[in-house]
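First the structure, in the form of structure tokens, and then the observations on it.
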Amino acid sequence: MPRTVRPTAYGTPDVLAIIETPMPRPAADGVVVQVRAAGVNPIDWKLYSGAFHTVADKHKDSAGLAETMPRLGLECAGVVTAIGADVTDARIGDEVIVYPVAGAYADYVTAPATSLIPKPAGLGWPEAGSLILAGATAMHALHATTVGQGDTVLIHGGSGGVGLLAVQLAAAAGATVIATAAERNHDLLRELDALPVNYGPGLLDRVRAAAPDGVTAAIDCAGSDEALDTSLELVTDRRRIASITGTDRRAAAGIKVIGNGPGQDAGAEYRNTIRSELAARAASGELRVLIDSIYPLDEAAQAHKAGIAGHTPGKLVLVP
Ligand SMILES: NC(=O)c1ccc[n+]([C@@H]2O[C@H](COP(=O)([O-])OP(=O)(O)OC[C@H]3O[C@@H](n4cnc5c(N)ncnc54)[C@H](OP(=O)(O)O)[C@@H]3O)[C@@H](O)[C@H]2O)c1
């Protein structure tokens with residue numbers, strides 16, 4: 001029987017269980033994909049942590065305990081194994097990237113055909129399965145703040161899954177990039193053409209020293225008060241500060257808040273349009289998808305524990 005990873009209650013990663021399920025069937029406008037690699041993202045553990053009860057409650061179903069909990073895994077890459085009656089642009093055997101999707105922590109997942117893009121042959125399964133959510137978030141943040149040639153952009157959390165892609169995309173767009181990270185990740189950031197600085201007390205002075213001509217835009221992938229306050233101090237135009245995470249103070253500060261919460265910019269349409277571009281740039285090697293660790297499906301809890309610890313340089317990936 002195909003396996004899926006489900007939370008059995010709200011709580012820590014210890015609530016995750018492997019459940020056997022019947023082989024899924026495609027909807028008329030959808031497909032079934034055999035998952036080869038599923039990206040792990042912080043939203044996955046936040047969904048069953050209890051932090052978003054109102055979001056998770058939308059997924060409730062009266063069928064039973066497991067069905068009442070969120071379906072984990074919002075992106076993957078795999079092979080199409082079944083096609084709905086109304087689908088004309090996918091074939092069995094197609095190698096695809098799937099985003100957005102729900103329930104990709106599984107051997108097989110159903111997805112609307114609109115969530116598929118072709119997986120470039122030159123892109124590995126782990127990279128293809130973990131690129132799009134973080135990459136689209138990074139591109140969305142840079143787009144929202146119009147980062148380009150001549151800018152000096154400060155990227156907080158530059159060594160995380162989103163941050164590493166934002167650093168590369170900003171540098172490729174012609175910006176000078178200053179990225180905050182722990183010391184052990186500084187060489188990696190230099191390789192990616194960024195100027196690394198440590199986060200923590202004294203950040204403002206360190207960034208000023210690294211950018212004597214000033215900072216024109218900031219992307220906060222860290223969500224700390226320090227990241228918000230430093231950005232507000234350094235960037236004159238608040239429309240050129242974006243945060244992908246953090247507290248309600250962000251909205252009050254008048255910056256761009258990217259996310260699915262009330263009043264936030266989800267950017268779904270923009271994100272859909274840039275999926276293929278991201279995949280092509282990753283396949284060509286222009287964009288490096290850095291993988292921190294790959295876990296087998298039945299070690300999803302260990303992957304989440306590593307992610308929750310908060311210092312993984314690159315993506316976590318599950319492989320069935
Ligand atoms: N709005 C959206 O659409 C969206 C999409 C994706 C993610 N997110 C959110 O954005 C955040 C980052 O996601 P991610 O996938 O990049 O997470 P991640 O891969 O877990 O990266 C976290 C990074 O944060 C850095 N960090 C830890 N403490 C820090 C601090 N005090 N100051 C600065 N950096 C610090 C760590 O760097 P070091 O290892 O160098 O310490 C780590 O590499 C999460 O909260 C996630 O939920 C939002």
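Quick note on naming: the chains in the structure tokens go A, B, ... in the order shown, residues restart at 1 in each chain, and ligands are numbered from 1 in order of appearance.
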
Contacts of segment 194-205 of chain A within 8 Å, only C-alpha atoms, excl. fewer than 5 positions in-chain, as JSON, numbers by chain = {"A": [167, 171, 176, 177, 178, 179, 180, 181, 182, 183, 186, 189, 210, 226, 230]}

Extract, using only C-alpha atoms, all DNA, RNA and protein residues at most 8 Å from Val40 of chain A, discarding same-chain residues fewer than 5 positions from it, and format them as a list in words.
-> Gly73, Ser130, Ala303, His304, Lys315, Leu316, Val317 and Leu318 of chain A

Give me, as CSV, the closest atom pair and its distance (Å, one decimal) for every residue of chain A within a cut-off of 8 Å of ligand 1, counting only C-alpha atoms and all ligand atoms, rows sorted by chain and rising number.
residue,atom,partner,partner_atom_place_in_ligand_line,distance
A:Asn41,CA,ligand 1,15 (O),5.4
A:Pro42,CA,ligand 1,47 (O),4.4
A:Ile43,CA,ligand 1,47 (O),5.0
A:Lys46,CA,ligand 1,47 (O),7.5
A:Leu133,CA,ligand 1,6 (C),6.4
A:Ala134,CA,ligand 1,6 (C),5.3
A:Thr137,CA,ligand 1,3 (O),5.2
A:Ala138,CA,ligand 1,5 (C),8.0
A:His156,CA,ligand 1,33 (C),5.4
A:Gly157,CA,ligand 1,34 (N),3.6
A:Gly158,CA,ligand 1,43 (O),6.7
A:Ser159,CA,ligand 1,43 (O),4.3
A:Gly160,CA,ligand 1,21 (O),3.2
A:Gly161,CA,ligand 1,19 (O),3.6
A:Val162,CA,ligand 1,16 (O),3.8
A:Gly163,CA,ligand 1,16 (O),5.4
A:Leu164,CA,ligand 1,16 (O),7.7
A:Thr180,CA,ligand 1,33 (C),5.9
A:Ala181,CA,ligand 1,40 (O),3.6
A:Ala182,CA,ligand 1,40 (O),3.7
A:Glu183,CA,ligand 1,40 (O),6.9
A:Arg184,CA,ligand 1,40 (O),7.1
A:Asn185,CA,ligand 1,40 (O),5.6
A:Tyr199,CA,ligand 1,32 (N),5.2
A:Gly200,CA,ligand 1,31 (N),6.6
A:Cys221,CA,ligand 1,12 (C),4.9
A:Ala222,CA,ligand 1,34 (N),4.6
A:Gly223,CA,ligand 1,45 (O),6.5
A:Ser224,CA,ligand 1,31 (N),6.0
A:Glu226,CA,ligand 1,32 (N),7.5
A:Ala227,CA,ligand 1,32 (N),6.8
A:Ser243,CA,ligand 1,1 (N),7.5
A:Ile244,CA,ligand 1,1 (N),3.9
A:Thr245,CA,ligand 1,10 (O),4.8
A:Gly246,CA,ligand 1,45 (O),6.9
A:Val257,CA,ligand 1,1 (N),7.7
A:Ile258,CA,ligand 1,1 (N),4.8
A:Gly259,CA,ligand 1,1 (N),3.7
A:Asn260,CA,ligand 1,1 (N),6.8
A:Ala266,CA,ligand 1,3 (O),6.7
A:Gly307,CA,ligand 1,20 (O),5.3
A:Ile308,CA,ligand 1,20 (O),7.0
A:Ala309,CA,ligand 1,20 (O),7.9
A:Gly310,CA,ligand 1,20 (O),4.9
A:His311,CA,ligand 1,39 (O),3.4
A:Thr312,CA,ligand 1,43 (O),5.0
A:Pro313,CA,ligand 1,43 (O),4.8
A:Gly314,CA,ligand 1,19 (O),5.8
A:Lys315,CA,ligand 1,19 (O),6.1
A:Leu316,CA,ligand 1,19 (O),7.8

As a short mmCIF file (atom, residue, chain, number, x, y, z; two decimals) with N, CA and C atoms, in the first residue's frame, please: the residues near segment 147-154 of chain A (cut-off 8 Å, only C-alpha atoms, same-chain neighbours under 4 positions excluded).
data_model
loop_
_atom_site.label_atom_id
_atom_site.label_comp_id
_atom_site.auth_asym_id
_atom_site.auth_seq_id
_atom_site.Cartn_x
_atom_site.Cartn_y
_atom_site.Cartn_z
N LEU A 142 12.02 39.74 -4.10
CA LEU A 142 12.88 40.64 -4.88
C LEU A 142 12.05 41.47 -5.86
N HIS A 143 11.01 40.84 -6.42
CA HIS A 143 10.11 41.54 -7.35
C HIS A 143 9.35 42.64 -6.60
N ALA A 170 19.40 37.92 -6.41
CA ALA A 170 19.70 39.35 -6.31
C ALA A 170 21.04 39.67 -6.96
N ALA A 173 20.74 39.65 -10.61
CA ALA A 173 20.02 40.83 -11.11
C ALA A 173 20.90 42.08 -11.09
N GLY A 174 22.13 41.94 -10.60
CA GLY A 174 23.07 43.07 -10.64
C GLY A 174 23.19 43.83 -9.35
N ALA A 175 22.57 43.34 -8.28
CA ALA A 175 22.64 44.04 -7.00
C ALA A 175 23.90 43.65 -6.23
N THR A 176 24.36 44.54 -5.38
CA THR A 176 25.36 44.19 -4.36
C THR A 176 24.59 43.59 -3.20
N VAL A 177 25.03 42.40 -2.73
CA VAL A 177 24.24 41.66 -1.74
C VAL A 177 25.01 41.57 -0.42
N ILE A 178 24.36 42.00 0.64
CA ILE A 178 24.88 41.80 2.00
C ILE A 178 23.94 40.80 2.66
N ALA A 179 24.49 39.71 3.21
CA ALA A 179 23.63 38.65 3.73
C ALA A 179 24.02 38.33 5.16
N THR A 180 23.03 38.23 6.06
CA THR A 180 23.33 37.85 7.44
C THR A 180 23.30 36.33 7.57
N ALA A 211 28.47 48.40 3.86
CA ALA A 211 27.80 49.15 2.77
C ALA A 211 27.94 50.64 3.05
N GLY A 214 25.39 52.97 1.63
CA GLY A 214 23.99 52.80 2.03
C GLY A 214 23.35 51.53 1.47
N VAL A 215 22.18 51.22 2.04
CA VAL A 215 21.41 50.04 1.65
C VAL A 215 20.11 50.53 1.04
N THR A 216 19.78 50.04 -0.16
CA THR A 216 18.59 50.56 -0.86
C THR A 216 17.36 49.66 -0.71
N ALA A 217 17.57 48.38 -0.31
CA ALA A 217 16.43 47.47 -0.16
C ALA A 217 16.80 46.39 0.85
N ALA A 218 15.79 45.78 1.45
CA ALA A 218 16.06 44.71 2.42
C ALA A 218 15.00 43.63 2.31
N ILE A 219 15.45 42.37 2.44
CA ILE A 219 14.55 41.21 2.43
C ILE A 219 14.77 40.48 3.75
N SER A 231 16.49 46.87 9.17
CA SER A 231 16.00 47.23 7.83
C SER A 231 15.37 48.61 7.86
#

Please provide as a ChimeraX atom specification all residues within 10 Å of Ala300 of chain A, with the sequence filter that same-chain residues fewer than 6 positions apart are discarded (counting only C-alpha atoms).
-> /A:5-6,13-14,16-18,40,105,294,306,316-319

DSSP says alpha helix (DSSP H) for which residues of segment 90-203 of chain A? Put them as a ChimeraX atom specification?
-> /A:125-144,161-172,186-191,203

Filtering to N, CA, C and O atoms, could you give me those residues as a compact mmCIF listing (two decimals), in the first residue's frame?
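Output (part_22.txt):
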# COMPACT_ATOMS: atom_id res chain seq x y z
N TRP A 125 16.45 15.02 -8.84
CA TRP A 125 15.15 14.92 -8.15
C TRP A 125 15.12 15.74 -6.86
O TRP A 125 14.14 16.48 -6.63
N PRO A 126 16.12 15.65 -5.98
CA PRO A 126 16.03 16.43 -4.73
C PRO A 126 15.95 17.94 -4.99
O PRO A 126 15.20 18.66 -4.33
N GLU A 127 16.74 18.39 -5.96
CA GLU A 127 16.75 19.82 -6.27
C GLU A 127 15.40 20.24 -6.87
O GLU A 127 14.82 21.27 -6.50
N ALA A 128 14.88 19.41 -7.79
CA ALA A 128 13.60 19.74 -8.43
C ALA A 128 12.45 19.75 -7.42
O ALA A 128 11.54 20.56 -7.49
N GLY A 129 12.53 18.83 -6.46
CA GLY A 129 11.44 18.71 -5.49
C GLY A 129 11.45 19.78 -4.42
O GLY A 129 10.45 19.95 -3.70
N SER A 130 12.56 20.52 -4.29
CA SER A 130 12.66 21.48 -3.19
C SER A 130 12.95 22.91 -3.65
O SER A 130 13.16 23.79 -2.83
N LEU A 131 12.94 23.13 -4.97
CA LEU A 131 13.31 24.45 -5.50
C LEU A 131 12.17 25.47 -5.44
O LEU A 131 12.39 26.64 -5.11
N ILE A 132 10.96 25.06 -5.80
CA ILE A 132 9.99 26.07 -6.24
C ILE A 132 9.40 26.89 -5.09
O ILE A 132 9.25 28.10 -5.21
N LEU A 133 9.05 26.26 -3.98
CA LEU A 133 8.44 27.07 -2.91
C LEU A 133 9.43 28.15 -2.44
O LEU A 133 9.08 29.34 -2.37
N ALA A 134 10.64 27.74 -2.14
CA ALA A 134 11.63 28.72 -1.66
C ALA A 134 12.03 29.68 -2.78
O ALA A 134 12.15 30.89 -2.56
N GLY A 135 12.22 29.15 -3.99
CA GLY A 135 12.65 30.00 -5.11
C GLY A 135 11.59 31.03 -5.48
O GLY A 135 11.91 32.20 -5.74
N ALA A 136 10.34 30.60 -5.51
CA ALA A 136 9.26 31.55 -5.86
C ALA A 136 9.11 32.60 -4.77
O ALA A 136 8.82 33.77 -5.06
N THR A 137 9.32 32.21 -3.52
CA THR A 137 9.25 33.18 -2.42
C THR A 137 10.36 34.21 -2.56
O THR A 137 10.15 35.42 -2.41
N ALA A 138 11.56 33.72 -2.87
CA ALA A 138 12.70 34.62 -3.04
C ALA A 138 12.46 35.58 -4.21
O ALA A 138 12.66 36.80 -4.09
N MET A 139 11.99 35.03 -5.34
CA MET A 139 11.75 35.90 -6.51
C MET A 139 10.64 36.90 -6.21
O MET A 139 10.71 38.07 -6.62
N HIS A 140 9.61 36.43 -5.51
CA HIS A 140 8.49 37.31 -5.16
C HIS A 140 8.98 38.47 -4.29
O HIS A 140 8.63 39.64 -4.53
N ALA A 141 9.83 38.19 -3.31
CA ALA A 141 10.32 39.24 -2.42
C ALA A 141 11.18 40.25 -3.19
O ALA A 141 11.09 41.47 -2.98
N LEU A 142 12.02 39.74 -4.10
CA LEU A 142 12.88 40.64 -4.88
C LEU A 142 12.05 41.47 -5.86
O LEU A 142 12.33 42.65 -6.10
N HIS A 143 11.01 40.84 -6.42
CA HIS A 143 10.11 41.54 -7.35
C HIS A 143 9.35 42.64 -6.60
O HIS A 143 9.23 43.78 -7.08
N ALA A 144 8.85 42.30 -5.40
CA ALA A 144 8.05 43.26 -4.62
C ALA A 144 8.87 44.48 -4.22
O ALA A 144 8.33 45.57 -4.05
N GLY A 161 16.95 28.26 3.40
CA GLY A 161 16.44 27.75 2.13
C GLY A 161 16.03 28.87 1.20
O GLY A 161 16.40 28.88 0.01
N VAL A 162 15.27 29.83 1.69
CA VAL A 162 14.85 30.97 0.86
C VAL A 162 16.02 31.92 0.67
O VAL A 162 16.29 32.41 -0.45
N GLY A 163 16.76 32.18 1.75
CA GLY A 163 17.82 33.18 1.70
C GLY A 163 18.89 32.86 0.66
O GLY A 163 19.34 33.75 -0.08
N LEU A 164 19.33 31.60 0.58
CA LEU A 164 20.39 31.24 -0.37
C LEU A 164 19.95 31.48 -1.82
O LEU A 164 20.77 31.85 -2.66
N LEU A 165 18.67 31.27 -2.09
CA LEU A 165 18.17 31.53 -3.44
C LEU A 165 18.01 33.02 -3.67
O LEU A 165 18.34 33.54 -4.74
N ALA A 166 17.53 33.75 -2.65
CA ALA A 166 17.38 35.20 -2.78
C ALA A 166 18.74 35.86 -3.02
O ALA A 166 18.86 36.78 -3.85
N VAL A 167 19.76 35.39 -2.31
CA VAL A 167 21.12 35.93 -2.49
C VAL A 167 21.56 35.78 -3.96
O VAL A 167 22.03 36.73 -4.59
N GLN A 168 21.39 34.57 -4.50
CA GLN A 168 21.85 34.32 -5.87
C GLN A 168 21.03 35.11 -6.90
O GLN A 168 21.57 35.65 -7.87
N LEU A 169 19.73 35.17 -6.68
CA LEU A 169 18.86 35.87 -7.64
C LEU A 169 19.14 37.38 -7.61
O LEU A 169 19.14 38.04 -8.65
N ALA A 170 19.40 37.92 -6.41
CA ALA A 170 19.70 39.35 -6.31
C ALA A 170 21.04 39.67 -6.96
O ALA A 170 21.17 40.66 -7.69
N ALA A 171 22.03 38.80 -6.73
CA ALA A 171 23.35 39.03 -7.35
C ALA A 171 23.24 38.93 -8.87
O ALA A 171 23.82 39.74 -9.60
N ALA A 172 22.46 37.95 -9.35
CA ALA A 172 22.30 37.79 -10.80
C ALA A 172 21.57 38.98 -11.42
O ALA A 172 21.77 39.30 -12.59
N HIS A 186 29.70 31.76 6.18
CA HIS A 186 30.17 32.94 5.44
C HIS A 186 30.90 32.58 4.15
O HIS A 186 30.75 33.25 3.14
N ASP A 187 31.71 31.50 4.18
CA ASP A 187 32.44 31.14 2.95
C ASP A 187 31.45 30.78 1.84
O ASP A 187 31.63 31.15 0.68
N LEU A 188 30.40 30.05 2.21
CA LEU A 188 29.38 29.68 1.22
C LEU A 188 28.76 30.95 0.61
O LEU A 188 28.60 31.05 -0.62
N LEU A 189 28.44 31.92 1.45
CA LEU A 189 27.83 33.15 0.92
C LEU A 189 28.80 33.93 0.03
O LEU A 189 28.39 34.49 -0.98
N ARG A 190 30.09 33.91 0.39
CA ARG A 190 31.07 34.58 -0.48
C ARG A 190 31.11 33.90 -1.85
O ARG A 190 31.18 34.56 -2.88
N GLU A 191 31.04 32.55 -1.84
CA GLU A 191 31.01 31.81 -3.12
C GLU A 191 29.85 32.26 -3.99
O GLU A 191 29.90 32.18 -5.21
N LEU A 203 24.62 44.42 14.70
CA LEU A 203 24.35 44.19 13.27
C LEU A 203 24.32 45.50 12.47
O LEU A 203 24.91 45.58 11.38

Distance atom CA of Val79 of chain A-atom CA of Met1 of chain A, one decimal place?
-> 17.7 Å

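When only C-alpha atoms are used to measure the gap to Lys119 of chain A, the shortest distance among A:Ala85, A:Ala279, A:Ala90, A:Leu290 belongs to A:Ala279.
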
So which bits of segment 208-292 of chain A end up strand (DSSP E or B) when you DSSP the backbone, as a JSON list (two decimals) with N, CA and C atoms, in the first residue's frame?
[["chain", "number", "residue", "atom", "x", "y", "z"],
["A", 217, "ALA", "N", 17.57, 48.38, -0.31],
["A", 217, "ALA", "CA", 16.43, 47.47, -0.16],
["A", 217, "ALA", "C", 16.80, 46.39, 0.85],
["A", 218, "ALA", "N", 15.79, 45.78, 1.45],
["A", 218, "ALA", "CA", 16.06, 44.71, 2.42],
["A", 218, "ALA", "C", 15.00, 43.63, 2.31],
["A", 219, "ILE", "N", 15.45, 42.37, 2.44],
["A", 219, "ILE", "CA", 14.55, 41.21, 2.43],
["A", 219, "ILE", "C", 14.77, 40.48, 3.75],
["A", 220, "ASP", "N", 13.72, 40.32, 4.52],
["A", 220, "ASP", "CA", 13.84, 39.65, 5.82],
["A", 220, "ASP", "C", 13.33, 38.21, 5.72],
["A", 241, "ILE", "N", 11.31, 47.36, 1.50],
["A", 241, "ILE", "CA", 11.62, 46.35, 2.53],
["A", 241, "ILE", "C", 10.52, 45.30, 2.45],
["A", 242, "ALA", "N", 10.92, 44.03, 2.35],
["A", 242, "ALA", "CA", 9.93, 42.94, 2.35],
["A", 242, "ALA", "C", 10.30, 41.95, 3.44],
["A", 243, "SER", "N", 9.27, 41.40, 4.08],
["A", 243, "SER", "CA", 9.49, 40.33, 5.05],
["A", 243, "SER", "C", 8.65, 39.14, 4.68],
["A", 256, "LYS", "N", 6.47, 45.69, 2.95],
["A", 256, "LYS", "CA", 5.76, 44.65, 2.19],
["A", 256, "LYS", "C", 5.81, 43.34, 2.96],
["A", 257, "VAL", "N", 4.66, 42.82, 3.30],
["A", 257, "VAL", "CA", 4.60, 41.56, 4.04],
["A", 257, "VAL", "C", 4.11, 40.48, 3.09],
["A", 258, "ILE", "N", 4.97, 39.48, 2.88],
["A", 258, "ILE", "CA", 4.70, 38.44, 1.90],
["A", 258, "ILE", "C", 4.26, 37.18, 2.62],
["A", 265, "ASP", "N", 0.62, 39.82, 1.09],
["A", 265, "ASP", "CA", 0.70, 39.62, -0.36],
["A", 265, "ASP", "C", 1.11, 38.17, -0.64],
["A", 291, "ILE", "N", 21.35, 21.66, -1.07],
["A", 291, "ILE", "CA", 20.62, 20.69, -0.25],
["A", 291, "ILE", "C", 21.40, 20.48, 1.04],
["A", 292, "ASP", "N", 20.75, 20.71, 2.17],
["A", 292, "ASP", "CA", 21.41, 20.43, 3.45],
["A", 292, "ASP", "C", 21.41, 18.94, 3.72]]

Selected residue of minimal separation from Thr247 of chain A among A:Pro100, A:Gly267, A:Gly261, A:Gly30, counting only C-alpha atoms = A:Gly261

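You can rank A:Ala27, A:Val101, A:Thr110, A:Thr236 by their closest distance to Asp86 of chain A using only C-alpha atoms, and at the top of that list sits A:Ala27.
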
From the set A:Pro2, A:Ala111, A:Glu75, A:Pro7, which residue has the shortest atom-to-atom contact distance to Tyr99 of chain A, counting only C-alpha atoms?
-> A:Glu75

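Going from atom CA of Pro26 of chain A over to atom CA of Thr88 of chain A, you cover 13.4 Å.
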
Selection near Gly50 of chain A, 12 Å with only C-alpha atoms, sequence-local residues under 6 positions removed, as a compact mmCIF listing (two decimals) with all heavy atoms, in the first residue's frame:
# COMPACT_ATOMS: atom_id res chain seq x y z
N PRO A 7 0.39 14.03 10.47
CA PRO A 7 0.38 14.28 11.92
C PRO A 7 -0.86 13.62 12.52
O PRO A 7 -1.94 13.69 11.93
CB PRO A 7 0.31 15.80 12.03
CG PRO A 7 -0.23 16.28 10.73
CD PRO A 7 0.02 15.23 9.69
N ALA A 9 -1.81 14.34 15.64
CA ALA A 9 -2.31 15.31 16.62
C ALA A 9 -1.52 16.60 16.38
O ALA A 9 -0.56 16.60 15.61
CB ALA A 9 -2.07 14.81 18.04
N TYR A 10 -1.92 17.69 17.01
CA TYR A 10 -1.10 18.89 17.00
C TYR A 10 0.04 18.69 17.99
O TYR A 10 -0.15 18.10 19.06
CB TYR A 10 -1.93 20.11 17.40
CG TYR A 10 -2.90 20.50 16.33
CD1 TYR A 10 -4.25 20.17 16.44
CD2 TYR A 10 -2.49 21.19 15.20
CE1 TYR A 10 -5.15 20.51 15.45
CE2 TYR A 10 -3.38 21.54 14.19
CZ TYR A 10 -4.72 21.20 14.33
OH TYR A 10 -5.60 21.53 13.35
N GLY A 11 1.23 19.16 17.63
CA GLY A 11 2.34 19.00 18.58
C GLY A 11 3.69 19.08 17.93
O GLY A 11 3.89 19.77 16.92
N THR A 12 4.64 18.35 18.50
CA THR A 12 6.03 18.32 18.02
C THR A 12 6.14 17.28 16.90
O THR A 12 5.19 16.53 16.65
CB THR A 12 6.96 17.89 19.17
OG1 THR A 12 6.66 16.51 19.47
CG2 THR A 12 6.74 18.73 20.42
N PRO A 13 7.31 17.17 16.24
CA PRO A 13 7.45 16.17 15.17
C PRO A 13 7.17 14.74 15.64
O PRO A 13 6.93 13.85 14.81
CB PRO A 13 8.89 16.35 14.72
CG PRO A 13 9.18 17.80 14.99
CD PRO A 13 8.47 18.11 16.27
N VAL A 15 4.57 13.63 16.69
CA VAL A 15 3.20 13.23 16.34
C VAL A 15 3.12 12.70 14.90
O VAL A 15 2.07 12.20 14.49
CB VAL A 15 2.19 14.40 16.48
CG1 VAL A 15 2.20 14.96 17.89
CG2 VAL A 15 2.42 15.50 15.45
N ILE A 43 6.75 25.84 6.86
CA ILE A 43 5.28 25.84 6.97
C ILE A 43 4.78 24.43 7.33
O ILE A 43 3.75 24.29 8.00
CB ILE A 43 4.63 26.33 5.65
CG1 ILE A 43 3.11 26.47 5.77
CG2 ILE A 43 4.95 25.42 4.49
CD1 ILE A 43 2.66 27.56 6.69
N ASP A 44 5.52 23.40 6.94
CA ASP A 44 5.06 22.03 7.18
C ASP A 44 4.93 21.75 8.67
O ASP A 44 3.93 21.20 9.12
CB ASP A 44 6.01 21.01 6.52
CG ASP A 44 6.11 21.19 5.01
OD1 ASP A 44 5.22 21.84 4.44
OD2 ASP A 44 7.09 20.70 4.41
N ALA A 56 -5.21 25.31 9.98
CA ALA A 56 -5.30 23.85 9.97
C ALA A 56 -6.74 23.38 10.03
O ALA A 56 -7.11 22.39 9.41
CB ALA A 56 -4.52 23.29 11.15
N ASP A 57 -7.59 24.11 10.73
CA ASP A 57 -8.97 23.68 10.88
C ASP A 57 -9.69 23.62 9.54
O ASP A 57 -10.64 22.86 9.38
CB ASP A 57 -9.70 24.62 11.83
CG ASP A 57 -9.30 24.38 13.28
OD1 ASP A 57 -8.63 23.37 13.54
OD2 ASP A 57 -9.65 25.20 14.11
N MET A 69 -6.31 16.25 10.19
CA MET A 69 -5.06 16.98 10.32
C MET A 69 -4.58 17.46 8.95
O MET A 69 -4.96 16.92 7.92
CB MET A 69 -4.00 16.07 10.94
CG MET A 69 -4.37 15.54 12.31
SD MET A 69 -4.74 16.87 13.48
CE MET A 69 -3.15 17.67 13.61
N PRO A 70 -3.72 18.50 8.93
CA PRO A 70 -3.24 19.02 7.65
C PRO A 70 -2.47 17.97 6.85
O PRO A 70 -1.83 17.09 7.41
CB PRO A 70 -2.32 20.17 8.04
CG PRO A 70 -2.08 20.05 9.49
CD PRO A 70 -3.17 19.23 10.08

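Of note, atom CA of Gly78 of chain A and atom CA of Thr8 of chain A are spaced 25.8 Å apart.
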